[in-house]
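Structure file structure14.cif (mmCIF, C-alpha atoms) is printed below.
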data_my_file
#
loop_
_atom_site.label_atom_id
_atom_site.label_comp_id
_atom_site.auth_asym_id
_atom_site.auth_seq_id
_atom_site.Cartn_x
_atom_site.Cartn_y
_atom_site.Cartn_z
CA MET A 1 -26.42 -14.53 -27.71
CA THR A 2 -24.08 -11.79 -26.55
CA ARG A 3 -21.30 -11.48 -29.12
CA HIS A 4 -19.03 -8.45 -28.57
CA VAL A 5 -17.73 -8.01 -25.03
CA ALA A 6 -15.58 -5.21 -23.60
CA VAL A 7 -13.24 -5.81 -20.69
CA ILE A 8 -12.17 -2.73 -18.72
CA GLY A 9 -8.72 -3.29 -17.23
CA GLY A 10 -5.66 -5.13 -18.52
CA GLY A 11 -4.22 -6.34 -15.24
CA ILE A 12 -3.91 -10.04 -14.48
CA VAL A 13 -7.64 -10.27 -13.65
CA GLY A 14 -8.77 -8.53 -16.83
CA THR A 15 -6.35 -10.50 -18.99
CA CYS A 16 -7.58 -13.82 -17.62
CA THR A 17 -11.21 -12.75 -18.07
CA ALA A 18 -10.53 -11.78 -21.68
CA TRP A 19 -8.86 -15.12 -22.41
CA TYR A 20 -11.80 -17.16 -21.18
CA LEU A 21 -14.34 -14.93 -22.93
CA GLY A 22 -12.43 -15.49 -26.15
CA GLN A 23 -12.52 -19.24 -25.56
CA HIS A 24 -16.32 -19.00 -25.35
CA GLY A 25 -16.39 -17.56 -28.87
CA PHE A 26 -16.99 -13.90 -28.02
CA GLU A 27 -15.40 -11.00 -29.82
CA VAL A 28 -13.38 -9.40 -27.02
CA THR A 29 -11.74 -5.99 -26.68
CA VAL A 30 -9.69 -5.15 -23.59
CA PHE A 31 -9.30 -1.46 -22.74
CA GLU A 32 -6.17 -0.68 -20.73
CA ARG A 33 -4.78 2.79 -20.03
CA ARG A 34 -1.18 1.55 -19.78
CA ASP A 35 0.96 0.44 -22.72
CA ALA A 36 0.93 -3.29 -21.86
CA VAL A 37 -0.76 -5.80 -19.57
CA ALA A 38 -0.09 -6.12 -15.84
CA ARG A 39 1.61 -2.74 -15.42
CA GLU A 40 -0.11 -1.49 -12.25
CA THR A 41 -1.12 -3.52 -9.18
CA SER A 42 -0.20 -6.77 -10.97
CA TRP A 43 3.34 -5.55 -11.63
CA GLY A 44 4.99 -5.51 -8.21
CA ASN A 45 3.02 -8.05 -6.21
CA ALA A 46 4.58 -10.79 -4.10
CA GLY A 47 4.29 -13.36 -6.88
CA VAL A 48 2.73 -15.89 -4.53
CA VAL A 49 -0.05 -18.32 -5.48
CA ALA A 50 -0.92 -19.79 -2.11
CA PRO A 51 -4.54 -20.97 -1.87
CA ALA A 52 -3.85 -22.59 1.50
CA TYR A 53 -2.61 -19.26 2.87
CA VAL A 54 -5.32 -17.04 1.36
CA MET A 55 -7.21 -15.31 4.14
CA PRO A 56 -9.16 -12.11 4.77
CA TRP A 57 -7.34 -9.17 6.24
CA ALA A 58 -10.29 -8.80 8.62
CA ALA A 59 -9.26 -11.26 11.30
CA PRO A 60 -9.57 -11.64 15.09
CA GLY A 61 -7.00 -9.46 16.83
CA MET A 62 -6.17 -7.45 13.72
CA PRO A 63 -7.60 -4.08 14.94
CA ARG A 64 -5.46 -4.32 18.09
CA LYS A 65 -2.45 -5.25 15.98
CA VAL A 66 -2.99 -2.22 13.71
CA LEU A 67 -3.07 0.11 16.71
CA SER A 68 0.00 -1.47 18.25
CA TYR A 69 2.04 -0.63 15.16
CA LEU A 70 0.80 2.96 14.94
CA PHE A 71 4.10 4.53 16.02
CA ALA A 72 6.51 1.71 15.18
CA ALA A 73 9.49 2.44 12.92
CA GLU A 74 8.97 -0.83 11.03
CA ALA A 75 5.46 -2.24 10.78
CA PRO A 76 3.33 -4.54 8.62
CA VAL A 77 0.49 -2.01 8.72
CA LEU A 78 0.58 1.75 8.23
CA PHE A 79 -2.56 3.62 9.28
CA ARG A 80 -2.66 7.10 7.76
CA PRO A 81 -6.30 8.22 8.04
CA VAL A 82 -7.70 10.89 5.75
CA ALA A 83 -10.97 12.81 5.85
CA SER A 84 -13.12 10.50 3.75
CA ALA A 85 -16.66 9.28 4.34
CA ALA A 86 -15.96 6.30 2.07
CA LEU A 87 -12.92 5.30 4.13
CA ALA A 88 -14.89 5.68 7.36
CA ARG A 89 -17.62 3.37 6.04
CA TRP A 90 -15.03 0.86 4.84
CA LEU A 91 -13.27 0.82 8.22
CA ALA A 92 -16.56 0.38 10.08
CA ALA A 93 -17.49 -2.56 7.85
CA TRP A 94 -13.99 -4.04 8.25
CA LEU A 95 -14.18 -3.85 12.05
CA GLY A 96 -17.49 -5.71 11.94
CA GLN A 97 -15.80 -8.58 10.08
CA CYS A 98 -12.95 -9.04 12.59
CA THR A 99 -14.61 -11.88 14.50
CA LEU A 100 -13.67 -15.54 14.42
CA GLU A 101 -17.04 -16.53 12.95
CA ARG A 102 -16.81 -14.00 10.09
CA TYR A 103 -13.13 -14.78 9.55
CA ARG A 104 -13.82 -18.47 9.06
CA LEU A 105 -16.70 -17.79 6.67
CA ASN A 106 -14.81 -15.25 4.60
CA LYS A 107 -11.68 -17.39 4.46
CA SER A 108 -13.65 -20.39 3.24
CA ARG A 109 -15.18 -18.27 0.48
CA MET A 110 -11.80 -16.97 -0.60
CA GLN A 111 -10.19 -20.42 -0.53
CA ARG A 112 -12.99 -21.93 -2.58
CA LEU A 113 -12.09 -19.55 -5.40
CA ALA A 114 -8.34 -19.76 -4.78
CA PHE A 115 -8.06 -23.56 -5.08
CA TYR A 116 -10.23 -23.51 -8.21
CA SER A 117 -8.05 -20.73 -9.61
CA ARG A 118 -4.86 -22.68 -8.99
CA ASP A 119 -6.27 -25.59 -11.02
CA GLN A 120 -7.07 -23.23 -13.90
CA LEU A 121 -3.62 -21.66 -13.67
CA HIS A 122 -1.91 -25.04 -13.91
CA SER A 123 -4.06 -25.96 -16.90
CA LEU A 124 -3.27 -22.73 -18.76
CA ARG A 125 0.43 -22.89 -17.93
CA ALA A 126 0.67 -26.45 -19.28
CA THR A 127 -1.57 -25.98 -22.32
CA LEU A 128 -0.07 -22.68 -23.49
CA HIS A 129 3.51 -23.44 -22.39
CA ILE A 130 3.85 -20.20 -20.42
CA ASP A 131 7.14 -19.85 -18.58
CA ASP A 132 6.59 -17.68 -15.51
CA GLY A 133 9.41 -19.02 -13.32
CA MET A 134 7.18 -21.13 -11.08
CA ARG A 135 8.68 -22.43 -7.80
CA GLN A 136 6.90 -25.03 -5.67
CA GLY A 137 6.30 -24.61 -1.92
CA TYR A 138 5.50 -21.84 0.55
CA LEU A 139 6.90 -21.33 4.04
CA GLN A 140 5.41 -19.24 6.85
CA LEU A 141 8.19 -18.11 9.19
CA MET A 142 7.19 -17.61 12.84
CA ARG A 143 9.57 -15.44 14.84
CA SER A 144 7.84 -16.02 18.18
CA GLN A 145 5.36 -18.17 20.06
CA GLN A 146 2.87 -15.32 19.62
CA ASP A 147 3.14 -15.71 15.83
CA LEU A 148 2.42 -19.42 16.21
CA ALA A 149 -0.61 -18.67 18.38
CA MET A 150 -1.95 -16.12 15.87
CA ALA A 151 -1.69 -18.73 13.11
CA ALA A 152 -3.66 -21.34 15.07
CA PRO A 153 -7.12 -20.60 13.54
CA ALA A 154 -5.74 -20.80 10.00
CA ILE A 155 -3.91 -24.04 10.78
CA ALA A 156 -7.12 -25.52 12.21
CA MET A 157 -8.93 -24.70 8.98
CA LEU A 158 -6.18 -26.39 6.96
CA GLN A 159 -6.64 -29.52 9.03
CA GLU A 160 -10.41 -29.44 8.58
CA ALA A 161 -10.05 -29.01 4.82
CA GLY A 162 -7.43 -31.73 4.50
CA VAL A 163 -4.87 -29.36 2.98
CA PRO A 164 -1.32 -30.78 3.14
CA HIS A 165 0.79 -28.83 5.62
CA ARG A 166 3.56 -29.45 8.12
CA LEU A 167 4.67 -27.59 11.22
CA LEU A 168 8.45 -27.38 11.41
CA ASP A 169 10.73 -26.51 14.28
CA ALA A 170 13.58 -24.07 13.73
CA ALA A 171 16.13 -26.77 12.91
CA ALA A 172 13.93 -28.44 10.30
CA CYS A 173 13.10 -25.08 8.79
CA ARG A 174 16.74 -24.11 8.42
CA GLN A 175 17.50 -27.50 6.94
CA MET A 176 14.84 -26.84 4.29
CA GLU A 177 16.15 -23.27 3.73
CA PRO A 178 19.89 -23.36 4.52
CA ALA A 179 20.47 -19.68 3.65
CA LEU A 180 18.21 -18.47 6.49
CA SER A 181 20.17 -16.42 9.00
CA VAL A 182 20.89 -18.18 12.28
CA HIS A 183 20.91 -14.82 14.07
CA THR A 184 17.21 -14.06 13.58
CA PRO A 185 14.84 -15.63 16.15
CA LEU A 186 12.78 -18.46 14.67
CA ALA A 187 10.15 -20.29 16.74
CA GLY A 188 9.04 -22.50 13.87
CA ALA A 189 7.43 -22.50 10.45
CA LEU A 190 4.41 -23.81 8.57
CA HIS A 191 5.24 -25.48 5.28
CA LEU A 192 2.60 -25.61 2.52
CA PRO A 193 4.07 -27.90 -0.15
CA GLN A 194 1.33 -27.44 -2.75
CA ASP A 195 1.47 -23.64 -2.82
CA GLU A 196 3.82 -21.88 -5.23
CA SER A 197 5.25 -18.63 -6.55
CA ALA A 198 5.78 -17.25 -10.05
CA SER A 199 6.04 -13.98 -11.96
CA CYS A 200 2.56 -12.50 -12.37
CA PRO A 201 3.60 -10.08 -15.19
CA ALA A 202 5.35 -12.88 -17.09
CA PHE A 203 2.25 -15.06 -16.94
CA ALA A 204 -0.02 -12.15 -17.88
CA GLN A 205 2.11 -11.31 -20.91
CA GLY A 206 2.24 -14.96 -22.01
CA LEU A 207 -1.53 -15.25 -21.68
CA ALA A 208 -2.08 -11.95 -23.52
CA ASP A 209 0.12 -13.15 -26.38
CA ALA A 210 -1.93 -16.34 -26.62
CA ALA A 211 -5.19 -14.36 -26.42
CA ILE A 212 -4.10 -12.04 -29.24
CA LYS A 213 -3.32 -15.05 -31.44
CA ALA A 214 -6.81 -16.37 -30.63
CA GLY A 215 -8.44 -13.09 -31.71
CA VAL A 216 -8.73 -11.02 -28.51
CA ARG A 217 -8.00 -7.33 -29.11
CA PHE A 218 -6.06 -5.20 -26.64
CA ALA A 219 -6.55 -1.43 -26.85
CA PHE A 220 -3.61 -0.03 -24.88
CA GLY A 221 -3.49 3.64 -23.97
CA HIS A 222 -7.31 3.70 -23.83
CA THR A 223 -9.18 4.94 -20.76
CA VAL A 224 -12.90 4.23 -20.39
CA THR A 225 -14.56 7.40 -19.11
CA ARG A 226 -18.19 6.29 -19.07
CA ILE A 227 -20.41 3.23 -19.44
CA ARG A 228 -23.59 4.16 -21.28
CA VAL A 229 -26.80 2.44 -20.23
CA GLU A 230 -30.03 2.40 -22.25
CA ASP A 231 -33.27 0.85 -21.00
CA GLY A 232 -31.47 -0.72 -18.07
CA ARG A 233 -28.75 -2.34 -20.15
CA ALA A 234 -25.09 -1.47 -20.80
CA THR A 235 -24.79 -0.65 -24.50
CA SER A 236 -21.61 1.31 -25.17
CA LEU A 237 -18.44 2.86 -23.77
CA GLU A 238 -17.06 6.35 -23.97
CA ILE A 239 -13.31 6.05 -24.39
CA GLU A 240 -10.40 8.43 -24.33
CA ARG A 241 -7.46 7.38 -26.46
CA ALA A 242 -4.10 8.88 -25.55
CA PRO A 243 -1.99 10.44 -28.33
CA GLY A 244 0.15 7.97 -30.21
CA GLU A 245 -1.78 4.85 -29.19
CA ARG A 246 -3.03 2.12 -31.51
CA ALA A 247 -6.61 1.53 -32.42
CA PRO A 248 -8.27 -1.59 -31.00
CA GLY A 249 -7.52 -4.72 -32.96
CA ASP A 250 -3.85 -4.18 -33.68
CA PRO A 251 -2.26 -7.47 -32.52
CA ALA A 252 1.22 -6.02 -32.12
CA GLN A 253 2.57 -5.29 -28.65
CA ALA A 254 1.72 -1.76 -27.59
CA ALA A 255 5.18 -1.10 -26.24
CA THR A 256 6.76 -1.17 -29.72
CA ALA A 257 6.87 1.37 -32.55
CA ARG A 258 3.87 3.60 -31.76
CA GLN A 259 2.52 5.73 -34.58
CA ALA A 260 2.23 9.37 -33.56
CA ARG A 261 -1.25 10.83 -33.87
CA SER A 262 -2.44 14.23 -32.64
CA GLU A 263 -1.22 15.90 -29.44
CA ARG A 264 -4.75 15.85 -28.02
CA ALA A 265 -6.50 12.79 -26.67
CA GLU A 266 -9.08 11.32 -29.02
CA HIS A 267 -12.59 10.59 -27.75
CA LEU A 268 -14.37 7.49 -29.03
CA LEU A 269 -17.75 5.82 -28.61
CA GLN A 270 -18.01 2.06 -29.12
CA ARG A 271 -20.99 -0.23 -28.75
CA PHE A 272 -20.85 -3.61 -27.03
CA ASP A 273 -23.26 -6.39 -26.10
CA ALA A 274 -21.76 -6.78 -22.64
CA VAL A 275 -19.15 -5.09 -20.45
CA VAL A 276 -16.94 -6.62 -17.75
CA VAL A 277 -15.34 -4.18 -15.32
CA ALA A 278 -12.08 -5.77 -14.17
CA GLY A 279 -10.18 -2.62 -13.27
CA ALA A 280 -9.08 -1.35 -9.89
CA VAL A 281 -10.44 1.49 -7.78
CA ASP A 282 -10.36 3.98 -10.65
CA SER A 283 -13.18 1.97 -12.21
CA LEU A 284 -15.53 2.49 -9.27
CA PRO A 285 -16.95 5.84 -10.52
CA LEU A 286 -17.98 4.13 -13.78
CA LEU A 287 -20.25 1.89 -11.71
CA ALA A 288 -21.32 4.49 -9.15
CA GLU A 289 -22.90 6.54 -11.95
CA HIS A 290 -25.38 3.68 -12.28
CA ARG A 291 -25.97 3.34 -8.53
CA ILE A 292 -23.64 0.39 -8.19
CA ARG A 293 -21.56 1.38 -5.17
CA LEU A 294 -19.00 -1.20 -4.16
CA PRO A 295 -17.25 -1.16 -0.75
CA ILE A 296 -13.74 -1.29 -2.18
CA TRP A 297 -10.83 0.79 -0.86
CA PRO A 298 -7.27 1.04 -2.22
CA VAL A 299 -5.19 -0.51 0.55
CA LYS A 300 -1.67 0.25 -0.64
CA GLY A 301 1.01 -2.40 -0.82
CA TYR A 302 4.76 -2.08 -1.31
CA SER A 303 7.55 -4.16 -2.78
CA THR A 304 11.22 -3.99 -3.61
CA SER A 305 13.05 -6.20 -6.11
CA LEU A 306 16.82 -6.62 -6.09
CA PRO A 307 19.29 -8.65 -8.15
CA LEU A 308 20.16 -12.02 -6.64
CA PRO A 309 23.69 -12.74 -7.92
CA ASP A 310 24.02 -16.06 -6.07
CA PRO A 311 20.74 -18.02 -5.73
CA ALA A 312 22.33 -20.12 -2.97
CA LEU A 313 22.31 -17.06 -0.71
CA GLY A 314 18.57 -16.55 -1.09
CA PRO A 315 15.36 -18.54 -0.58
CA ARG A 316 14.66 -21.77 -2.41
CA GLN A 317 10.92 -21.16 -2.27
CA ALA A 318 8.55 -18.33 -1.45
CA MET A 319 8.01 -17.55 2.21
CA ILE A 320 6.39 -14.98 4.46
CA ASP A 321 7.54 -13.42 7.71
CA GLU A 322 4.41 -13.72 9.85
CA ALA A 323 5.44 -10.99 12.28
CA TYR A 324 5.80 -8.34 9.57
CA LYS A 325 3.55 -9.90 6.91
CA VAL A 326 6.30 -9.51 4.31
CA ALA A 327 6.63 -12.08 1.53
CA ILE A 328 10.09 -13.10 0.33
CA THR A 329 9.98 -14.50 -3.20
CA PRO A 330 12.70 -15.88 -5.47
CA LEU A 331 12.07 -14.70 -9.04
CA PRO A 332 14.31 -15.30 -12.06
CA GLY A 333 17.55 -13.45 -11.18
CA GLN A 334 15.85 -11.51 -8.38
CA ILE A 335 14.69 -11.57 -4.81
CA ARG A 336 11.45 -9.70 -4.11
CA LEU A 337 10.15 -8.44 -0.78
CA ALA A 338 6.48 -7.47 -0.76
CA GLY A 339 4.13 -6.44 2.00
CA THR A 340 3.06 -3.59 4.28
CA ALA A 341 -0.59 -2.62 4.07
CA GLU A 342 -1.25 1.11 4.22
CA ILE A 343 -4.75 2.31 4.98
CA GLY A 344 -5.44 5.94 4.26
CA SER A 345 -4.81 8.21 1.32
CA PRO A 346 -5.23 6.54 -2.09
CA ARG A 347 -2.30 8.55 -3.51
CA LEU A 348 0.48 6.23 -4.65
CA VAL A 349 3.38 7.87 -2.86
CA PRO A 350 6.19 5.57 -1.64
CA ARG A 351 6.86 5.79 2.08
CA ASP A 352 10.24 5.39 3.76
CA ALA A 353 8.62 3.45 6.61
CA ALA A 354 7.37 0.79 4.19
CA LEU A 355 10.77 0.42 2.55
CA ARG A 356 12.46 0.17 5.96
CA THR A 357 10.14 -2.70 6.87
CA LEU A 358 10.84 -4.58 3.65
CA VAL A 359 14.60 -4.11 3.91
CA LYS A 360 14.63 -5.12 7.59
CA VAL A 361 12.92 -8.41 6.79
CA GLY A 362 15.25 -9.08 3.87
CA ARG A 363 18.35 -8.36 5.93
CA ASP A 364 17.10 -10.34 8.91
CA TRP A 365 16.60 -13.56 6.97
CA PHE A 366 19.02 -13.30 4.02
CA PRO A 367 21.65 -10.70 4.98
CA THR A 368 24.10 -11.46 2.15
CA ALA A 369 21.64 -12.27 -0.63
CA ALA A 370 21.34 -8.75 -2.05
CA ASP A 371 22.64 -5.20 -1.79
CA TRP A 372 19.92 -4.10 0.62
CA ALA A 373 21.27 -0.53 0.82
CA SER A 374 20.35 -0.01 -2.85
CA ALA A 375 16.69 -1.00 -2.42
CA SER A 376 14.00 1.27 -3.85
CA CYS A 377 10.27 1.09 -3.34
CA TRP A 378 7.34 0.21 -5.64
CA VAL A 379 3.82 1.02 -4.47
CA GLY A 380 0.49 -0.22 -5.80
CA ALA A 381 -3.16 0.02 -4.81
CA ARG A 382 -4.83 -3.23 -3.76
CA PRO A 383 -8.59 -2.93 -4.38
CA MET A 384 -9.84 -4.53 -1.17
CA THR A 385 -13.30 -5.32 0.17
CA PRO A 386 -13.76 -4.96 3.95
CA ASP A 387 -14.62 -8.64 4.42
CA GLY A 388 -12.01 -10.10 2.03
CA PRO A 389 -13.71 -12.00 -0.82
CA ALA A 390 -13.88 -10.43 -4.27
CA LEU A 391 -17.09 -9.46 -6.08
CA LEU A 392 -17.85 -11.45 -9.23
CA GLY A 393 -20.60 -11.64 -11.80
CA ALA A 394 -23.73 -9.77 -12.81
CA THR A 395 -24.88 -6.36 -11.57
CA PRO A 396 -28.37 -4.83 -11.49
CA VAL A 397 -27.60 -3.33 -14.93
CA GLY A 398 -28.18 -5.80 -17.73
CA GLY A 399 -25.07 -6.84 -19.62
CA LEU A 400 -22.78 -5.26 -17.02
CA PHE A 401 -20.54 -7.62 -15.04
CA ILE A 402 -17.78 -7.14 -12.46
CA ASN A 403 -14.60 -8.96 -11.50
CA MET A 404 -13.22 -6.73 -8.75
CA GLY A 405 -12.02 -6.41 -5.17
CA HIS A 406 -9.37 -9.15 -5.03
CA GLY A 407 -7.11 -7.12 -2.73
CA SER A 408 -3.66 -8.65 -2.34
CA THR A 409 -4.78 -12.01 -3.78
CA GLY A 410 -5.42 -10.99 -7.40
CA TRP A 411 -2.64 -13.19 -8.76
CA ALA A 412 -3.89 -16.18 -6.77
CA MET A 413 -7.53 -15.62 -7.83
CA ALA A 414 -7.22 -14.33 -11.39
CA CYS A 415 -7.54 -17.48 -13.49
CA GLY A 416 -10.47 -18.87 -11.52
CA ALA A 417 -12.27 -15.54 -11.26
CA GLY A 418 -11.75 -14.90 -14.98
CA LYS A 419 -13.29 -18.24 -15.89
CA VAL A 420 -16.21 -17.80 -13.49
CA VAL A 421 -17.13 -14.40 -14.91
CA ALA A 422 -16.67 -15.52 -18.52
CA ASP A 423 -18.97 -18.48 -17.85
CA LEU A 424 -21.60 -16.14 -16.40
CA VAL A 425 -21.41 -13.80 -19.41
CA ALA A 426 -21.89 -16.85 -21.64
CA GLY A 427 -24.95 -17.90 -19.65
CA LEU A 428 -23.22 -21.00 -18.27
CA ARG A 429 -23.23 -22.29 -14.72
CA PRO A 430 -19.79 -21.81 -13.10
CA GLU A 431 -17.96 -24.88 -11.85
CA ILE A 432 -17.82 -23.63 -8.24
CA ASP A 433 -20.43 -22.42 -5.79
CA LEU A 434 -20.61 -18.61 -5.92
CA ASP A 435 -22.32 -18.16 -2.56
CA GLY A 436 -20.70 -15.14 -0.89
CA LEU A 437 -18.71 -14.19 -4.00
CA THR A 438 -21.27 -12.06 -5.82
CA ILE A 439 -22.76 -8.60 -5.38
CA GLU A 440 -25.73 -10.21 -3.63
CA ARG A 441 -23.76 -10.53 -0.40
CA LEU A 442 -23.72 -6.73 -0.09
CA ALA A 443 -27.50 -6.70 0.24
CA ARG A 444 -27.28 -9.29 3.02
#
Write the structure described by the file as structure tokens, please.
Amino acid sequence: MTRHVAVIGGGIVGTCTAWYLGQHGFEVTVFERRDAVARETSWGNAGVVAPAYVMPWAAPGMPRKVLSYLFAAEAPVLFRPVASAALARWLAAWLGQCTLERYRLNKSRMQRLAFYSRDQLHSLRATLHIDDGMRQGYLQLMRSQQDLAMAAPAIAMLQEAGVPHRLLDAAACRQMEPALSVHTPLAGALHLPQDESASCPAFAQGLADAAIKAGVRFAFGHTVTRIRVEDGRATSLEIERAPGERAPGDPAQAATARQARSERAEHLLQRFDAVVVAGAVDSLPLLAEHRIRLPIWPVKGYSTSLPLPDPALGPRQAMIDEAYKVAITPLPGQIRLAGTAEIGSPRLVPRDAALRTLVKVGRDWFPTAADWASASCWVGARPMTPDGPALLGATPVGGLFINMGHGSTGWAMACGAGKVVADLVAGLRPEIDLDGLTIERLAR
């Protein structure tokens, strides 16, 4: 039986994968280039766990919508094309998925994993007593009748699946959320009472702490530079350790009291029985070297987080502005605005246009909740597949597994995806149907 497993990536997906691998009795080492868990894409996300709302970005009408926002001052989508054959292929594949038939199929695949993941999240939160500031409920704000019409296919799928939901008129919506501005047009809202929001980094840190106590090792400040394969099987990793970082196995938090080493990075070689790649787009070259080429592109997302001095002036629950696709989330002591998808250069450079969009939405709905003039921008890369669902499980290389491509839904999918992949590494049958969620769908 496989005994020693490496996990590449210490975001929320990698941390969850490591936890479940440890629960299966494996020796687990997580390699993360940052100094703690959940410090990149997981850090500034919307904080929303909304299985009922999970949907592919490839949807009917989305290409036209992208073009319509091309020259807008505030927009949910920024299209900044660059000369890239990989981007061109990704866009072509994405366009092919923007039909109602493909949308329904891809959404059902994503929701299958998302509802399973929410169950696992609730179980972990209760069992390990992790406090991540969870708030119940999710509200989709519709500014116009057009927004309501665009949401119709998703609402129909909720009805078919028997997911609790309620359409509200403007008066009922404002009664539920009394701080909503009366000056912003509101045609109605969709309330999803079983969805929720919470701090992804807080949960990731709580789970990492529990994993360390259970024997999982976190190697912070370690970058995997190559996966070695012998006789068709992954056998070892080449690793670069940054100066001043701990060796694998030290259970202390990496952010405290580092011991200085040399000024040059240290290069290591470690053998493993299996490897799980749970990193973002920077992990793709590790797989491409072995002819595993995944259609994942870094669609950038933005957020801003501001102090919320008086919670009564902000939202009671997480919500999203459907016109601008900006989530508004109450976090402990904060209000967070997250959204704007930017397609183009993978460089993580904040854009004024994205910040303007976030601030506009915040001001429109909760004008006195925060000091909007002081907002600053966080930017992260969402590793997104063109059709929407992530890619989980085995690869053509023996002992090499993936847990990648969750896009903007990593927080919603992480616990379920981590358990699925850990079960597969252990040779167990996952508890959900994996049709359309594995690398096999690329061949089809």
Under the PyMOL selection byres ((chain A and resi 219-224) around 6), which residues of this model are included? Write them out as an mmCIF file with C-alpha atoms, keeping the file's coordinate frame.
data_model
loop_
_atom_site.group_PDB
_atom_site.id
_atom_site.type_symbol
_atom_site.label_atom_id
_atom_site.label_comp_id
_atom_site.auth_asym_id
_atom_site.auth_seq_id
_atom_site.Cartn_x
_atom_site.Cartn_y
_atom_site.Cartn_z
ATOM 1 C CA VAL A 30 -9.690 -5.150 -23.590
ATOM 2 C CA PHE A 31 -9.300 -1.460 -22.740
ATOM 3 C CA GLU A 32 -6.170 -0.680 -20.730
ATOM 4 C CA ARG A 33 -4.780 2.790 -20.030
ATOM 5 C CA ARG A 34 -1.180 1.550 -19.780
ATOM 6 C CA ASP A 35 0.960 0.440 -22.720
ATOM 7 C CA PHE A 218 -6.060 -5.200 -26.640
ATOM 8 C CA THR A 225 -14.560 7.400 -19.110
ATOM 9 C CA ARG A 226 -18.190 6.290 -19.070
ATOM 10 C CA GLU A 238 -17.060 6.350 -23.970
ATOM 11 C CA ILE A 239 -13.310 6.050 -24.390
ATOM 12 C CA GLU A 240 -10.400 8.430 -24.330
ATOM 13 C CA ARG A 241 -7.460 7.380 -26.460
ATOM 14 C CA ALA A 242 -4.100 8.880 -25.550
ATOM 15 C CA GLU A 245 -1.780 4.850 -29.190
ATOM 16 C CA PRO A 248 -8.270 -1.590 -31.000
#
Env of region 192-194 of chain A: 9 Å cut, atoms = all atoms listed in the file, seq-sep filter 2 positions within chain, self excluded. Answer as a JSON list (two decimals) with C-alpha atoms, in the frame of the given file.
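Everything below was put into selection-v3.json:
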[["chain", "number", "residue", "atom", "x", "y", "z"],
["A", 50, "ALA", "CA", -0.92, -19.79, -2.11],
["A", 51, "PRO", "CA", -4.54, -20.97, -1.87],
["A", 52, "ALA", "CA", -3.85, -22.59, 1.50],
["A", 53, "TYR", "CA", -2.61, -19.26, 2.87],
["A", 136, "GLN", "CA", 6.90, -25.03, -5.67],
["A", 137, "GLY", "CA", 6.30, -24.61, -1.92],
["A", 138, "TYR", "CA", 5.50, -21.84, 0.55],
["A", 139, "LEU", "CA", 6.90, -21.33, 4.04],
["A", 140, "GLN", "CA", 5.41, -19.24, 6.85],
["A", 163, "VAL", "CA", -4.87, -29.36, 2.98],
["A", 164, "PRO", "CA", -1.32, -30.78, 3.14],
["A", 165, "HIS", "CA", 0.79, -28.83, 5.62],
["A", 166, "ARG", "CA", 3.56, -29.45, 8.12],
["A", 190, "LEU", "CA", 4.41, -23.81, 8.57],
["A", 196, "GLU", "CA", 3.82, -21.88, -5.23]]
Which residues, named as in the file, does the PyMOL selection byres ((chain A and resi 297) around 7) pick out? Answer as a CSV table (one decimal) with C-alpha atoms, in the frame of the given file.
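The result, written out as out22.csv:
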chain,number,residue,atom,x,y,z
A,281,VAL,CA,-10.4,1.5,-7.8
A,295,PRO,CA,-17.2,-1.2,-0.8
A,296,ILE,CA,-13.7,-1.3,-2.2
A,298,PRO,CA,-7.3,1.0,-2.2
A,299,VAL,CA,-5.2,-0.5,0.6
A,383,PRO,CA,-8.6,-2.9,-4.4
A,384,MET,CA,-9.8,-4.5,-1.2
A,385,THR,CA,-13.3,-5.3,0.2
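Rounded to one decimal, CA of Arg271 (chain A) and CA of Gly399 (chain A) lie 12.0 Å from each other.
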Next on the checklist: Set the distance at 8 Å and use all atoms listed in the file: which residues neighbour Ala58 (chain A) once local chain neighbours fewer than 5 positions away are removed? I'd like the list as a list in words.
Outcome noted: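 So the residues in contact are Trp94, Leu95, Gln97, Cys98, Thr99, Tyr103, Pro386, Asp387 and Gly388 of chain A.
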Item to check | Matched chain/residue IDs from the PyMOL selection byres ((chain A and resi 344-353) around 12), as JSON, numbers by chain | outcome: {"A": [40, 41, 69, 70, 71, 72, 73, 74, 75, 76, 77, 78, 79, 80, 81, 82, 83, 84, 85, 86, 87, 88, 90, 91, 280, 281, 282, 296, 297, 298, 299, 300, 301, 302, 303, 304, 339, 340, 341, 342, 343, 354, 355, 356, 357, 358, 359, 360, 375, 376, 377, 378, 379, 380, 381, 382, 383]}
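Atom to atom, CA of His191 (chain A) and CA of Leu437 (chain A) stand 28.1 Å apart.
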Next on the checklist: Considering only C-alpha atoms, can you say which of A:Ala161, A:Val361, A:Leu237, A:Ala151 comes closest to Ala59 (chain A)?
Outcome noted: A:Ala151
